[in-house]
Each structure stands twice: as C-alpha cells, then as structure tokens.
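Below is one structure, written out as structure tokens, with a few remarks after it.
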Amino acid sequence: MTITQSSSQSAYSSAPTAAQVESACRFPVLFLAFSGGAWLFAGLTLAALASVQLYNPTFLEGCPWVTYGRLRPAAVNALTYGFALQSAFALALWFIARLGRVELSSPLGLAVAAKFWNVGVTVGVLGILAGDASGHDLLEFPLYASLPLIASYVCIAAWALLALHRRAEREMYVSLWFVGAGLLWFPWIFATAQSLLLGWQVTGVVQAVVAGWFGQNLLQIVLTGSALAVLFYFVPKIVNRPLANPGLTRAGFWLLLLIGGWGGLAQLASVPAWIPAVSGAANFLVLVPVASLLVSLWQTVDGKVVEAWRANVTFRFLLVAAGLLLLSVLRTAFLGGQSTQYTFFATARTDIVLLGVFGLSALGALLHIVPRLTTGEDELPSVGLTDLVFWTSLLGVVGVAAGYSLAGLVQADVNMNVTRDFLKDGIVASAERWMELNLSAFGYLKLVTAGYAALTVAALAFLANFGLAVRRCFVACCGGAR
Amino acid sequence: MSQNKPKPSLQNRDAEPTVAAGGGVAWPFVMLGVVLFGCFLHVENSGGAFRADVYQSGVKLPPPMPNEPEEVKLYKTGAQLYAACAGCHQPSGIGSEALNFPPLAGSEWVMREKPDRLVRIILDAVEGPISVKGKTYDNAAMPPFRGALNERQIAAIATYIRGNKDWGNSASYVTPAQVKAITDATAKNAGTKWRATLLEAVP
C-alpha cells in the first residue's frame, strides 16, 4: 500500500499543476459551456412557446413552423443535444484534465469539432421546425443532421479518451468512471438507434422499442451519469472530506450500468406483455444503485449540509439535483406503469432528468469552473446574478416537474375511471365545461409555462454572468492593447 | 464585486477530492436480492410467459382468435379458467400426494375415451376414497361447479385438462353440447357428491 502511494506521489510531482491543465483546456471547455448555455436559452424559449399551445391551442396559429408537433420536439432536442450533451462534453474535458492531471493537446482543433457539433444541432433543430422530424422520441433530428453530429462526436470523444489515456494521475477517481462510461455509452446507443431507425428502417412496434431503449439509456446512464460525476467531484471537495465508503460507490456504479438501461419501456402499448413487465421491474431495481450512490454521498457530507449550503453556491445546486434524482427514480418506479400511460406524467420525466438532475448539476459545476477558467477567481463576477440563476432555475424546475406530473395524474384519473370517456371528459369537455376537471389540468399546464419562463431567466442570467467574466478576462489580458 | 462579500471557504481550490479507505459493503446486494424477488413475481404475473403473441398483461396465453377452430378456442378459454382448479391440482396438474390432492396429469379418470366421468366430477365433485394412478386419495374438499360455471366454461376446462400436452394428456376435446347432455341427465343428482364406486359404472 505504501509503495503504490509513494509511486503515485512521485508521478504526481512530475505531473502538470492544476493551473497548467486548466489553461490547456480553457478554450474548448469555455466554448462548449457557453454554447450549451445558449442552447439552454433557445431550447427553453421554444419549450415555453410549445407549452402555451397545450391550453391555448390557437396560440401561433396558422404558421406550420411553430405548431406544437414541431415546436416541442425542436425544444426537447435543442435541450438534449445543444445544452445537455454539449455541457456534458465540457464537464468531461474539465474532469479529465483536472483529475487525470493531463494537458489537452491542440485545444483549438477540439473547439473546431465542438463548432461542428453546434452546426449539427442547428441544422437538426431547423430541420425539425421545417417538418423533417423523424418522429422517434429524443431522436427527432433528421438523418442529415445526425451524420455531422456523429462525426463531430467521434472527434470530441476520441480527443477526450486519448487525453484520459495519457493522464499523469493513473488512479481513476469516481467521477472519471462516470465520464468514461458516458463517453463510451453514447456512441453505442446513438449509432445503434439511428442505424436501426433511419438506416435499416425497422417497422412497426420495433421502432417504439428502439427509441424507448435509446431514450432511457441517454437519460439514465449518459446524462444521470454525468450529473453523478459532478456530484462525486464537488461534494467531497466542497465539504473537504474524503469520499466515504468507496466500496458502496463502486457497487452503485456497476449496478447502474447493468440495470439503468432496461427501464423506459414500461409504458409501451401494443408490444408483447413481457417487455413492459421486465422494464417496469428494472425501474424498481434501479432504486438499488441510486440509493447506494446517494447514501455514499450522504455519508461524505453528513453533518455539514447546512454549513456547505451557506458557504457554497455549487453545493446548493447539487443538493437539489441529488434530491431530484431520488425523486425521479421513485416516481418512475411507483407511478411509471400503465396507470400513467399516454399522459403528461411521462413527459415530466424527460424534463426532470434533462433540466433538473443534469441541468442543475451542470449549472452548479459551471458556476465553479467558468470563473476559474476566465478571471481565476472563485465565483463569477456578479454574486447577484449567480443567486438569480439558482433561485429561478430551482423554481423553474419545480414548476415544470410539478406541473407536468400533476396534469399527468389528472389525465391518469380519467383514464382509470371506466365511467369517464377520455375523448369526452378529457378533450371535448375542455371546450364546454371549463369549471370542472379540465380547469385543474389546464392550471397545472400553466405552471409548466411559468416554470419554463423562470428557467429562461436563469439561462439568461447565467449567460450574462458568463459574458461579464469573459469580458473581465479580456480586459485583464488585453487591457494594454485596447 | 465578490471581494466585497467574502464567504467562508471550506475547500482548498486546487485540491482534488480523495477517497477514504474502506472495503465493500453487502447491503446493496441484499437489497438487490429482495427487490429482484419482487421483480420475478411481477414478471411472472404480468409478463405473459415471455410469449411473443401475448400482448395483455396478466394473461399467459393469447386470446382466442375468430378464425380458430372451436376446440382451440375452448382450450385457450380453459387455460384461463383453470386458475380456479390450480390451487389444489397445481398449475402443472400433478396434484399433491402429501396434501391428498389427486393428480390430473396422466390420470386414468381424465384420459378416458369419453369425457362423461370427468364432466360429472366437475359438475357435482367427488368424495370418498378414489384410486388415481395406483394411489388412493380421500378428500372431500372439491366443490361442485354446477350452476357456478356454464356449459361452455365446463367444456373449456375439461378440454384443457384432457388435451394438455405439457402434462402428457392427449384425450379428445369436449363440446358444450356434450356437457349439456350430461348436465341434464344428472339433474336429479344435483347437490350430492359422487362416489368413485358410482362413477365406475359410467362409461
């Protein structure tokens, strides 16, 4: 034990310092993080507009580009590929640089690959708005947008994995497990799903099975894994304690990879009964790895929660994100079966993971990373804007999650009741009897719009603070030249 | 701006998180085992026996199709109704020697050329000593199904029991008309359970 420690310390002493590895990864990480923030703003704006059409169907009437069937997929895909995956790349590069103590080689080339990713997302979102959506959940981008995305991804991931291979610190910390798993997982699921759906063009219910499998793996393994990498990096760092119980963490990591991808088909209809049965069982099983990982974090932070909440803004984001992670797996396990089929309850799940579990973790991490890479300080220039980001994003996520979930439960109640006809009581009656059932469902959907609006404010505040930091950095570096 | 409001910092900004010493833990795997048991029950009950042609949760055989022959429809209906019998005679039809439940699989009372004895037993039940596959059983627990099930349902159960190849049974199917004839012929017998000695007189 002592031998390995001393050897790793000697490797450590010859390794580049934190400042050196950060200056090497600065440009691509900042580029990816800022583009991610911009797509967060764009996607939330589209999502807010789409949600208005749920209770006000004549809103934006007459223009096919902004009908609900195009706006909502454009919003979800902009948030998934533009914000979530792009921010996950930024976090992955920073974690590899920091935890592996490795300087990224030719960071400018990496930024060019990241630029192509943004071009792919732009083409895809415009393609959806133009009516070329493929119609598969979370995979709506048309083929001509998916191909540049895959090409750009190959560059980014290969760069990241090569850097990981060259790392000076050979011992891999927990966050790097999740980062590495996500980098290898995404090309597998994306290439498999796209080649089956758009290449081979499988027919019938197989399409729904493939898309459901992809969505589940993307949300539960790639994005939740990225959020867990953030949690496992920042929580021990902020409370200044070693990560308690590494055995528990290891068990949770492998069980999550083993089980996490099996859920997500529990609500499929018109497939053989064993598929939703096995998937519903997996939704329960995944409680075990999530509980293991969260218990391990809790043991690390135990007794210092209030102190850390007051002292550190990143910790506030992470505490809420961890709570939402637990909540999202619990609600899917207990209510995510046939009772809430075809309702907004399932819609809520995508938004909770994208914006809550991943989104809040990523924003919290970036509020630590961005100032380090720009001004070199501990926090972004404006404390007021940072607080605004936290409170508006917290309110926004709660509004969207609660609004969609409650509206979904109202719909599920109509579905489960034999005496009520879904078409008559759930849809037609909305025009005739405003005072009864539908008003409540509509009220919840208005909460969703308010949530998206609050999140849009959060994205704007984050971008403004980011811009202030970059401006201050330029003034400091190039002040003499101006 | 941030300098105006210094906050207490818990962390060393350049330090990376470390890992405490510690071995493995067992509880996630114990919990996994417990949840896994519930999952198996769930999949067994609602998984449609992993058949590609069962789409409805909670059913293990596909529903009868309109273009199927009558005996196949009866067999599939019987497979679902057999749940009422499986408590004693077991889903596999082997009964239980220890608990005094006679088997249906390979039983000479079931596998006769004509279904008259089997239908009589389902209609009015049987009590007293009865010899099945060389063992003597004596159990008065069987309830009569006359009036509880209609002729078509009794024909379906009898068809399922007699024709279940998984049990090794291969006797002919039973029509509702046959059941109706037997029901009418034994109408005066209603309410009295059969004895094996009386049934032996039936062809």
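Numbering starts fresh at 1 for the residues of each chain in the structure tokens, the chains themselves are lettered A, B, ... in the order given, and ligands are numbered from 1 as they appear.
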Within 9 Å of chain B: each chain A residue with its shortest pair, only C-alpha atoms, as CSV:
residue,atom,partner,partner_atom,distance
A:Thr17,CA,B:Asp14,CA,8.8
A:Ala18,CA,B:Asp14,CA,6.2
A:Ala19,CA,B:Asp14,CA,8.2
A:Arg98,CA,B:Glu16,CA,7.9
A:Leu99,CA,B:Glu16,CA,6.9
A:Tyr173,CA,B:Thr18,CA,7.9
A:Val174,CA,B:Val19,CA,8.8
A:Phe232,CA,B:Pro17,CA,8.5
A:Tyr233,CA,B:Pro17,CA,6.4
A:Phe234,CA,B:Pro17,CA,7.7
A:Val235,CA,B:Pro17,CA,8.5
A:Pro236,CA,B:Pro17,CA,5.7
A:Lys237,CA,B:Pro17,CA,5.0
A:Ile238,CA,B:Gln11,CA,5.4
A:Val239,CA,B:Leu10,CA,6.1
A:Asn240,CA,B:Gln11,CA,5.5
A:Arg241,CA,B:Thr18,CA,7.5
A:Pro242,CA,B:Thr18,CA,4.7
A:Leu243,CA,B:Val19,CA,4.6
A:Ala244,CA,B:Ala20,CA,5.4
A:Asn245,CA,B:Gly22,CA,5.7
A:Pro246,CA,B:Gly22,CA,6.3
A:Gly247,CA,B:Gly24,CA,4.1
A:Leu248,CA,B:Val25,CA,5.9
A:Arg250,CA,B:Gly24,CA,8.3
A:Ala251,CA,B:Pro28,CA,7.4
A:Gly252,CA,B:Pro28,CA,7.9
A:Ala269,CA,B:Tyr55,CA,8.4
A:Ser270,CA,B:Tyr55,CA,6.4
A:Val271,CA,B:Tyr55,CA,6.0
A:Pro272,CA,B:Tyr55,CA,4.4
A:Ala273,CA,B:Tyr55,CA,4.6
A:Trp274,CA,B:Gly47,CA,3.9
A:Ile275,CA,B:Gly47,CA,7.4
A:Pro276,CA,B:Gly47,CA,7.8
A:Ala277,CA,B:Gly47,CA,5.1
A:Val278,CA,B:Val43,CA,6.0
A:Gly280,CA,B:Cys39,CA,8.4
A:Ala281,CA,B:Cys39,CA,5.0
A:Ala282,CA,B:Cys39,CA,7.8
A:Phe284,CA,B:Val35,CA,7.2
A:Leu285,CA,B:Val35,CA,6.2
A:Leu287,CA,B:Leu32,CA,8.9
A:Val288,CA,B:Leu32,CA,6.2
A:Pro289,CA,B:Pro28,CA,7.3
A:Ala291,CA,B:Pro28,CA,8.2
A:Ser292,CA,B:Pro28,CA,6.4
A:Glu307,CA,B:Leu10,CA,8.9
A:Ala308,CA,B:Leu10,CA,7.7
A:Arg310,CA,B:Lys7,CA,8.7
A:Ala311,CA,B:Pro8,CA,5.8
A:Asn312,CA,B:Ser9,CA,7.6
A:Glu377,CA,B:Ser2,CA,8.8
A:Asp378,CA,B:Arg13,CA,8.0
A:Glu379,CA,B:Ser2,CA,7.0
A:Leu380,CA,B:Ser2,CA,7.8
A:Pro381,CA,B:Met1,CA,6.2
A:Ser382,CA,B:Met1,CA,6.4
A:Val383,CA,B:Ser2,CA,6.4
Residue neighbourhood region 141-144 of chain B, 8 Å, only C-alpha atoms, exclusion window fewer than 5 positions, as a tab-separated table (two decimals) with N, CA and C atoms, in the first residue's frame:
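Result file selection-v3.tsv:
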chain	number	residue	atom	x	y	z
B	121	ILE	N	-67.58	-35.21	-12.50
B	121	ILE	CA	-66.80	-34.79	-11.33
B	121	ILE	C	-66.77	-33.27	-11.23
B	122	ILE	N	-66.59	-32.60	-12.40
B	122	ILE	CA	-66.56	-31.13	-12.35
B	122	ILE	C	-67.92	-30.59	-11.92
B	123	LEU	N	-69.00	-31.22	-12.42
B	123	LEU	CA	-70.35	-30.72	-12.11
B	123	LEU	C	-70.68	-30.84	-10.62
B	124	ASP	N	-70.49	-32.06	-10.07
B	124	ASP	CA	-71.00	-32.28	-8.71
B	124	ASP	C	-69.92	-32.69	-7.72
B	125	ALA	N	-68.63	-32.74	-8.16
B	125	ALA	CA	-67.50	-33.09	-7.30
B	125	ALA	C	-67.57	-34.57	-6.88
B	126	VAL	N	-66.49	-35.02	-6.23
B	126	VAL	CA	-66.41	-36.41	-5.81
B	126	VAL	C	-65.81	-36.45	-4.42
B	127	GLU	N	-66.27	-37.38	-3.58
B	127	GLU	CA	-65.69	-37.53	-2.25
B	127	GLU	C	-65.55	-39.02	-1.95
B	191	GLY	N	-76.40	-31.52	-6.07
B	191	GLY	CA	-76.25	-31.34	-4.64
B	191	GLY	C	-75.63	-32.51	-3.93
B	193	LYS	N	-72.49	-35.25	-3.85
B	193	LYS	CA	-71.19	-35.53	-4.44
B	193	LYS	C	-71.11	-36.98	-4.88
DSSP-assigned alpha helix (DSSP H) members of region 156-193 of chain B, reported as a PyMOL selection string: chain B and resi 156-163+176-185
Residues within 7 Å of Ala407 (chain A), please, as an NGL selection string. Count only C-alpha atoms; anything in the same chain fewer than 4 positions from it doesn't count. :A and (344 or 403 or 411 or 441 or 444-445)
Non-local contacts of region 99-102 of chain B (8 Å; only C-alpha atoms; under 2 positions in same chain excluded) as a JSON list (two decimals) with C-alpha atoms, in the first residue's frame:
[["chain", "number", "residue", "atom", "x", "y", "z"],
["B", 88, "CYS", "CA", -55.27, -27.84, -5.32],
["B", 89, "HIS", "CA", -54.43, -29.69, -8.53],
["B", 94, "ILE", "CA", -49.67, -33.06, -10.71],
["B", 95, "GLY", "CA", -51.77, -32.53, -7.57],
["B", 96, "SER", "CA", -50.09, -33.32, -4.25],
["B", 97, "GLU", "CA", -49.73, -36.71, -2.63],
["B", 104, "LEU", "CA", -54.93, -34.66, -13.31],
["B", 132, "VAL", "CA", -55.70, -42.47, -9.16],
["B", 137, "TYR", "CA", -56.87, -40.39, -2.25],
["B", 138, "ASP", "CA", -59.74, -39.44, 0.08],
["B", 139, "ASN", "CA", -60.59, -35.76, 0.11]]
As a count of residues only, please: the residues near region 35-37 of chain A (cut-off 7 Å, only C-alpha atoms, same-chain neighbours under 2 positions excluded). 12
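One distance worth recording is that between CA of Arg72 (chain A) and CA of Ala47 (chain A), which is 5.9 Å.
CA of Leu223 (chain A) to CA of Phe358 (chain A) spans 6.0 Å [interatomic distance, one decimal].
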